[in-house]
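Colleague: Would you mind keeping the following structure in view while I ask a few things?
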Amino acid sequence: MPLDILIILVVVGIAGIAVLTHLLGLSKPKTFLTEAQARTAWLREFPDSTVTSVTLCASAQAALIMTQAGPGIVWAMGADSTARLLNGATITAAETGLTVILPDYGAPRISLRLTPDEALLWTNHIGAAA
């Protein structure tokens, strides 16, 4: 097969997969609309932990999880989610919410989009648990 036809087939194939993925809704970012969704995402990362409370943020992109082991955050990473305990974390205010600096090379910094009221509430919850 000539190279120019092969290149066209590859480009059209990749573009078709991207369009199909978008049309099927598989490119939408993950959201946490209910406490149960956030709890399930947390327990997928930490199956042995006991969740005592869940606080969702208004953007539905993250949730503050209170556990017996301390506070944690579950947040959206594209179409999936990830979670981290906040033990040893440094929390600072940012223009758009909070910045969490973790002693974890896998997720060294988390930028959370929170309203000013949410940022204050989350800071108080995290500080009270520390």
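By convention here, the chains of the structure tokens are called A, B, ... in the order presented, each chain's residues are numbered starting at 1, and ligands are numbered starting at 1 in the order presented.
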Looking only at the backbone, which of the residues in stretch 38-130 of chain A does DSSP tag as strand (DSSP E or B), as a ChimeraX atom specification?

Modeller: /A:51-56,62-67,70-77,80-85,90-94,97-101,109-113

Colleague: Find the residues near stretch 112-114 of chain A: any atom within 7 Å, counting only C-alpha atoms, skip ones fewer than 5 places away on the same chain, and give them as a compact mmCIF listing (two decimals) with all heavy atoms, in the first residue's frame.

Modeller:
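See result-v8.txt below for the written result:
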```txt
# COMPACT_ATOMS: atom_id res chain seq x y z
N CYS A 57 -18.05 19.77 46.71
CA CYS A 57 -17.87 21.17 46.33
C CYS A 57 -18.91 21.52 45.27
O CYS A 57 -19.46 20.64 44.61
CB CYS A 57 -16.46 21.45 45.84
SG CYS A 57 -16.03 20.74 44.26
N THR A 96 -8.70 30.95 43.13
CA THR A 96 -9.84 30.15 42.69
C THR A 96 -10.28 29.12 43.72
O THR A 96 -11.17 28.33 43.44
CB THR A 96 -9.50 29.42 41.38
OG1 THR A 96 -8.36 28.59 41.60
CG2 THR A 96 -9.22 30.41 40.27
N GLY A 97 -9.68 29.10 44.89
CA GLY A 97 -10.06 28.12 45.91
C GLY A 97 -8.93 27.81 46.85
O GLY A 97 -8.48 28.66 47.60
N LEU A 98 -8.46 26.56 46.80
CA LEU A 98 -7.37 26.12 47.67
C LEU A 98 -6.31 25.40 46.85
O LEU A 98 -6.61 24.76 45.84
CB LEU A 98 -7.88 25.15 48.73
CG LEU A 98 -8.80 25.68 49.81
CD1 LEU A 98 -9.25 24.53 50.71
CD2 LEU A 98 -8.13 26.75 50.63
N THR A 99 -5.08 25.50 47.31
CA THR A 99 -3.99 24.71 46.76
C THR A 99 -3.51 23.79 47.87
O THR A 99 -3.24 24.23 48.98
CB THR A 99 -2.83 25.60 46.29
OG1 THR A 99 -3.32 26.47 45.27
CG2 THR A 99 -1.69 24.77 45.74
N ALA A 119 -14.00 27.28 50.45
CA ALA A 119 -12.58 27.26 50.82
C ALA A 119 -12.41 27.43 52.33
O ALA A 119 -11.63 26.72 52.96
CB ALA A 119 -11.81 28.33 50.06
```

Colleague: Expressed in Å to a single decimal, how great is the separation between atom CA of A:Thr123 and atom CA of A:Ala79?

Modeller: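 These atoms are spaced 26.6 Å apart.
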
Colleague: Extract, using only C-alpha atoms, all DNA, RNA and protein residues at most 10 Å from A:Ile110, discarding same-chain residues fewer than 6 positions from it, and format them as a VMD selection string.

Modeller: chain A and resid 73 75 84 91 98 to 102

Colleague: Between stretch 49-108 of chain A and stretch 21-38 of chain A, at 7 Å or less, what are the per-residue closest atom pairs and their distances in Å? Count only C-alpha atoms, order by chain and rising residue number, and return it as JSON lines.

Modeller:
```
{"residue": "A:Val54", "atom": "CA", "partner": "A:Glu35", "partner_atom": "CA", "distance": 6.0}
{"residue": "A:Leu56", "atom": "CA", "partner": "A:Glu35", "partner_atom": "CA", "distance": 6.9}
{"residue": "A:Ala60", "atom": "CA", "partner": "A:Phe32", "partner_atom": "CA", "distance": 4.9}
{"residue": "A:Gln61", "atom": "CA", "partner": "A:Thr31", "partner_atom": "CA", "distance": 5.2}
{"residue": "A:Ala62", "atom": "CA", "partner": "A:Phe32", "partner_atom": "CA", "distance": 6.8}
{"residue": "A:Ala63", "atom": "CA", "partner": "A:Ala38", "partner_atom": "CA", "distance": 6.4}
{"residue": "A:Val74", "atom": "CA", "partner": "A:Ala38", "partner_atom": "CA", "distance": 6.9}
{"residue": "A:Ala76", "atom": "CA", "partner": "A:Lys30", "partner_atom": "CA", "distance": 5.4}
{"residue": "A:Gly78", "atom": "CA", "partner": "A:Pro29", "partner_atom": "CA", "distance": 4.8}
{"residue": "A:Ala79", "atom": "CA", "partner": "A:Pro29", "partner_atom": "CA", "distance": 4.5}
{"residue": "A:Asp80", "atom": "CA", "partner": "A:Lys30", "partner_atom": "CA", "distance": 5.7}
{"residue": "A:Ser81", "atom": "CA", "partner": "A:Lys30", "partner_atom": "CA", "distance": 6.8}
```

Colleague: I'd like to know which of A:Leu120, A:Ala107, A:Ala69, A:Ile126 is closest to A:Asp48, using only C-alpha atoms.

Modeller: A:Ala69

Colleague: Could you tell me which of A:Pro103, A:Trp42, A:Met1, A:Leu6 comes closest to A:Thr82 if we count only C-alpha atoms?

Modeller: A:Trp42

Colleague: Skip A:Leu85 itself and residues of its chain fewer than 6 positions away, then list as a PDB file with C-alpha atoms, in the first residue's frame all residues within 7 Å of it, counting only C-alpha atoms.

Modeller:
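What landed in result_18.pdb:
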```
ATOM      1  CA  GLY A  70      -7.824  11.793  58.872  1.00  0.00           C
ATOM      2  CA  PRO A  71      -9.145  14.070  56.144  1.00  0.00           C
ATOM      3  CA  GLY A  72      -8.748  13.299  52.476  1.00  0.00           C
ATOM      4  CA  ILE A  73      -9.711  14.614  49.077  1.00  0.00           C
TER       5      ILE A  73
END
```

Colleague: Of the candidates A:Ala83, A:Ser111, A:Pro2, A:Gln68, which shows the shortest atom-to-atom distance to A:Thr40, using only C-alpha atoms?

Modeller: A:Ala83

Colleague: Which value, in Å to one decimal, gives the distance between atom CA of A:Asn87 and atom CA of A:Asp104?

Modeller: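 Atom CA of A:Asn87 sits 10.4 Å away from atom CA of A:Asp104.
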
Colleague: Find the spatial neighbours of A:Trp122, counting only C-alpha atoms, within a cut-off of 9 Å - ignore same-chain residues fewer than 4 positions away - and output them as a PDB file with N, CA, C and O atoms, in the first residue's frame.

Modeller:
```pdb
ATOM      1  N   THR A  55     -18.094  16.004  52.069  1.00  0.00           N
ATOM      2  CA  THR A  55     -18.499  17.362  51.735  1.00  0.00           C
ATOM      3  C   THR A  55     -18.192  17.600  50.267  1.00  0.00           C
ATOM      4  O   THR A  55     -17.020  17.616  49.873  1.00  0.00           O
ATOM      5  N   LEU A  64     -14.418  16.605  49.905  1.00  0.00           N
ATOM      6  CA  LEU A  64     -13.615  16.454  51.117  1.00  0.00           C
ATOM      7  C   LEU A  64     -14.166  15.244  51.858  1.00  0.00           C
ATOM      8  O   LEU A  64     -15.357  15.173  52.138  1.00  0.00           O
ATOM      9  N   LEU A  98      -8.457  26.564  46.798  1.00  0.00           N
ATOM     10  CA  LEU A  98      -7.365  26.121  47.665  1.00  0.00           C
ATOM     11  C   LEU A  98      -6.305  25.403  46.846  1.00  0.00           C
ATOM     12  O   LEU A  98      -6.608  24.762  45.844  1.00  0.00           O
ATOM     13  N   ASP A 117     -16.590  30.705  50.331  1.00  0.00           N
ATOM     14  CA  ASP A 117     -17.216  30.061  51.491  1.00  0.00           C
ATOM     15  C   ASP A 117     -16.790  28.604  51.620  1.00  0.00           C
ATOM     16  O   ASP A 117     -16.523  28.122  52.721  1.00  0.00           O
ATOM     17  N   GLU A 118     -16.729  27.905  50.489  1.00  0.00           N
ATOM     18  CA  GLU A 118     -16.289  26.509  50.517  1.00  0.00           C
ATOM     19  C   GLU A 118     -14.835  26.403  50.964  1.00  0.00           C
ATOM     20  O   GLU A 118     -14.487  25.525  51.750  1.00  0.00           O
ATOM     21  N   ILE A 126     -10.415  20.693  57.619  1.00  0.00           N
ATOM     22  CA  ILE A 126      -9.092  20.044  57.552  1.00  0.00           C
ATOM     23  C   ILE A 126      -8.271  20.420  58.791  1.00  0.00           C
ATOM     24  O   ILE A 126      -7.615  19.574  59.387  1.00  0.00           O
ATOM     25  N   GLY A 127      -8.320  21.684  59.196  1.00  0.00           N
ATOM     26  CA  GLY A 127      -7.571  22.140  60.362  1.00  0.00           C
ATOM     27  C   GLY A 127      -8.063  21.517  61.645  1.00  0.00           C
ATOM     28  O   GLY A 127      -7.292  21.159  62.534  1.00  0.00           O
TER      29      GLY A 127
END
```

Colleague: Report the residues of stretch 30-105 of chain A whose backbone DSSP state falls under helix (DSSP H, G or I), written as a list in words.

Modeller: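 Of stretch 30-105 of chain A, only Glu35, Ala36, Gln37, Ala38, Arg39, Thr40, Ala41, Trp42, Leu43, Arg44 and Glu45 of chain A fall in helix (DSSP H, G or I).
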
Colleague: Output the selection as a PDB file, in the first residue's frame - all heavy atoms for each residue.

Modeller:
```
ATOM      1  N   GLU A  35     -23.078  12.322  47.420  1.00  0.00           N
ATOM      2  CA  GLU A  35     -22.092  11.840  48.390  1.00  0.00           C
ATOM      3  C   GLU A  35     -21.734  10.389  48.118  1.00  0.00           C
ATOM      4  O   GLU A  35     -20.590   9.983  48.328  1.00  0.00           O
ATOM      5  CB  GLU A  35     -22.636  12.005  49.805  1.00  0.00           C
ATOM      6  CG  GLU A  35     -22.707  13.438  50.266  1.00  0.00           C
ATOM      7  CD  GLU A  35     -23.166  13.580  51.707  1.00  0.00           C
ATOM      8  OE1 GLU A  35     -23.246  12.554  52.428  1.00  0.00           O
ATOM      9  OE2 GLU A  35     -23.435  14.715  52.116  1.00  0.00           O
ATOM     10  N   ALA A  36     -22.699   9.613  47.656  1.00  0.00           N
ATOM     11  CA  ALA A  36     -22.442   8.199  47.368  1.00  0.00           C
ATOM     12  C   ALA A  36     -21.398   8.031  46.267  1.00  0.00           C
ATOM     13  O   ALA A  36     -20.542   7.141  46.339  1.00  0.00           O
ATOM     14  CB  ALA A  36     -23.740   7.493  46.986  1.00  0.00           C
ATOM     15  N   GLN A  37     -21.441   8.878  45.247  1.00  0.00           N
ATOM     16  CA  GLN A  37     -20.445   8.800  44.173  1.00  0.00           C
ATOM     17  C   GLN A  37     -19.046   9.113  44.704  1.00  0.00           C
ATOM     18  O   GLN A  37     -18.078   8.436  44.361  1.00  0.00           O
ATOM     19  CB  GLN A  37     -20.802   9.765  43.050  1.00  0.00           C
ATOM     20  CG  GLN A  37     -22.010   9.360  42.249  1.00  0.00           C
ATOM     21  CD  GLN A  37     -22.403  10.423  41.241  1.00  0.00           C
ATOM     22  OE1 GLN A  37     -22.180  11.619  41.446  1.00  0.00           O
ATOM     23  NE2 GLN A  37     -22.998   9.987  40.147  1.00  0.00           N
ATOM     24  N   ALA A  38     -18.947  10.149  45.537  1.00  0.00           N
ATOM     25  CA  ALA A  38     -17.649  10.511  46.110  1.00  0.00           C
ATOM     26  C   ALA A  38     -17.154   9.416  47.043  1.00  0.00           C
ATOM     27  O   ALA A  38     -15.975   9.061  47.036  1.00  0.00           O
ATOM     28  CB  ALA A  38     -17.758  11.842  46.848  1.00  0.00           C
ATOM     29  N   ARG A  39     -18.043   8.867  47.846  1.00  0.00           N
ATOM     30  CA  ARG A  39     -17.681   7.795  48.768  1.00  0.00           C
ATOM     31  C   ARG A  39     -17.185   6.573  47.997  1.00  0.00           C
ATOM     32  O   ARG A  39     -16.176   5.958  48.356  1.00  0.00           O
ATOM     33  CB  ARG A  39     -18.893   7.441  49.633  1.00  0.00           C
ATOM     34  CG  ARG A  39     -18.624   6.434  50.721  1.00  0.00           C
ATOM     35  CD  ARG A  39     -19.914   6.118  51.480  1.00  0.00           C
ATOM     36  NE  ARG A  39     -20.567   7.300  52.008  1.00  0.00           N
ATOM     37  CZ  ARG A  39     -20.422   7.758  53.245  1.00  0.00           C
ATOM     38  NH1 ARG A  39     -19.651   7.122  54.098  1.00  0.00           N
ATOM     39  NH2 ARG A  39     -21.040   8.853  53.631  1.00  0.00           N
ATOM     40  N   THR A  40     -17.868   6.220  46.916  1.00  0.00           N
ATOM     41  CA  THR A  40     -17.458   5.071  46.094  1.00  0.00           C
ATOM     42  C   THR A  40     -16.081   5.300  45.489  1.00  0.00           C
ATOM     43  O   THR A  40     -15.236   4.395  45.484  1.00  0.00           O
ATOM     44  CB  THR A  40     -18.494   4.815  44.987  1.00  0.00           C
ATOM     45  OG1 THR A  40     -19.756   4.533  45.596  1.00  0.00           O
ATOM     46  CG2 THR A  40     -18.087   3.659  44.097  1.00  0.00           C
ATOM     47  N   ALA A  41     -15.839   6.522  44.979  1.00  0.00           N
ATOM     48  CA  ALA A  41     -14.529   6.834  44.406  1.00  0.00           C
ATOM     49  C   ALA A  41     -13.439   6.757  45.470  1.00  0.00           C
ATOM     50  O   ALA A  41     -12.341   6.266  45.214  1.00  0.00           O
ATOM     51  CB  ALA A  41     -14.558   8.223  43.769  1.00  0.00           C
ATOM     52  N   TRP A  42     -13.742   7.232  46.681  1.00  0.00           N
ATOM     53  CA  TRP A  42     -12.773   7.170  47.778  1.00  0.00           C
ATOM     54  C   TRP A  42     -12.466   5.718  48.142  1.00  0.00           C
ATOM     55  O   TRP A  42     -11.303   5.334  48.295  1.00  0.00           O
ATOM     56  CB  TRP A  42     -13.299   7.927  48.995  1.00  0.00           C
ATOM     57  CG  TRP A  42     -12.377   7.814  50.161  1.00  0.00           C
ATOM     58  CD1 TRP A  42     -12.455   6.915  51.181  1.00  0.00           C
ATOM     59  CD2 TRP A  42     -11.211   8.589  50.407  1.00  0.00           C
ATOM     60  NE1 TRP A  42     -11.410   7.100  52.048  1.00  0.00           N
ATOM     61  CE2 TRP A  42     -10.637   8.126  51.597  1.00  0.00           C
ATOM     62  CE3 TRP A  42     -10.600   9.646  49.740  1.00  0.00           C
ATOM     63  CZ2 TRP A  42      -9.475   8.678  52.129  1.00  0.00           C
ATOM     64  CZ3 TRP A  42      -9.439  10.190  50.270  1.00  0.00           C
ATOM     65  CH2 TRP A  42      -8.893   9.706  51.452  1.00  0.00           C
ATOM     66  N   LEU A  43     -13.510   4.927  48.284  1.00  0.00           N
ATOM     67  CA  LEU A  43     -13.321   3.534  48.707  1.00  0.00           C
ATOM     68  C   LEU A  43     -12.623   2.689  47.645  1.00  0.00           C
ATOM     69  O   LEU A  43     -12.037   1.661  47.961  1.00  0.00           O
ATOM     70  CB  LEU A  43     -14.668   2.918  49.103  1.00  0.00           C
ATOM     71  CG  LEU A  43     -15.270   3.506  50.386  1.00  0.00           C
ATOM     72  CD1 LEU A  43     -16.671   2.950  50.622  1.00  0.00           C
ATOM     73  CD2 LEU A  43     -14.374   3.254  51.579  1.00  0.00           C
ATOM     74  N   ARG A  44     -12.651   3.139  46.397  1.00  0.00           N
ATOM     75  CA  ARG A  44     -11.901   2.441  45.357  1.00  0.00           C
ATOM     76  C   ARG A  44     -10.397   2.600  45.598  1.00  0.00           C
ATOM     77  O   ARG A  44      -9.615   1.701  45.334  1.00  0.00           O
ATOM     78  CB  ARG A  44     -12.293   2.999  43.994  1.00  0.00           C
ATOM     79  CG  ARG A  44     -11.984   2.051  42.866  1.00  0.00           C
ATOM     80  CD  ARG A  44     -12.477   2.553  41.539  1.00  0.00           C
ATOM     81  NE  ARG A  44     -11.754   3.774  41.190  1.00  0.00           N
ATOM     82  CZ  ARG A  44     -12.306   4.842  40.666  1.00  0.00           C
ATOM     83  NH1 ARG A  44     -13.588   4.885  40.432  1.00  0.00           N
ATOM     84  NH2 ARG A  44     -11.574   5.901  40.374  1.00  0.00           N
ATOM     85  N   GLU A  45      -9.985   3.751  46.140  1.00  0.00           N
ATOM     86  CA  GLU A  45      -8.574   4.008  46.436  1.00  0.00           C
ATOM     87  C   GLU A  45      -8.167   3.497  47.818  1.00  0.00           C
ATOM     88  O   GLU A  45      -7.053   3.047  48.016  1.00  0.00           O
ATOM     89  CB  GLU A  45      -8.286   5.511  46.365  1.00  0.00           C
ATOM     90  CG  GLU A  45      -8.484   6.124  45.011  1.00  0.00           C
ATOM     91  CD  GLU A  45      -7.279   6.000  44.113  1.00  0.00           C
ATOM     92  OE1 GLU A  45      -6.159   5.797  44.626  1.00  0.00           O
ATOM     93  OE2 GLU A  45      -7.465   6.106  42.896  1.00  0.00           O
TER      94      GLU A  45
END
```
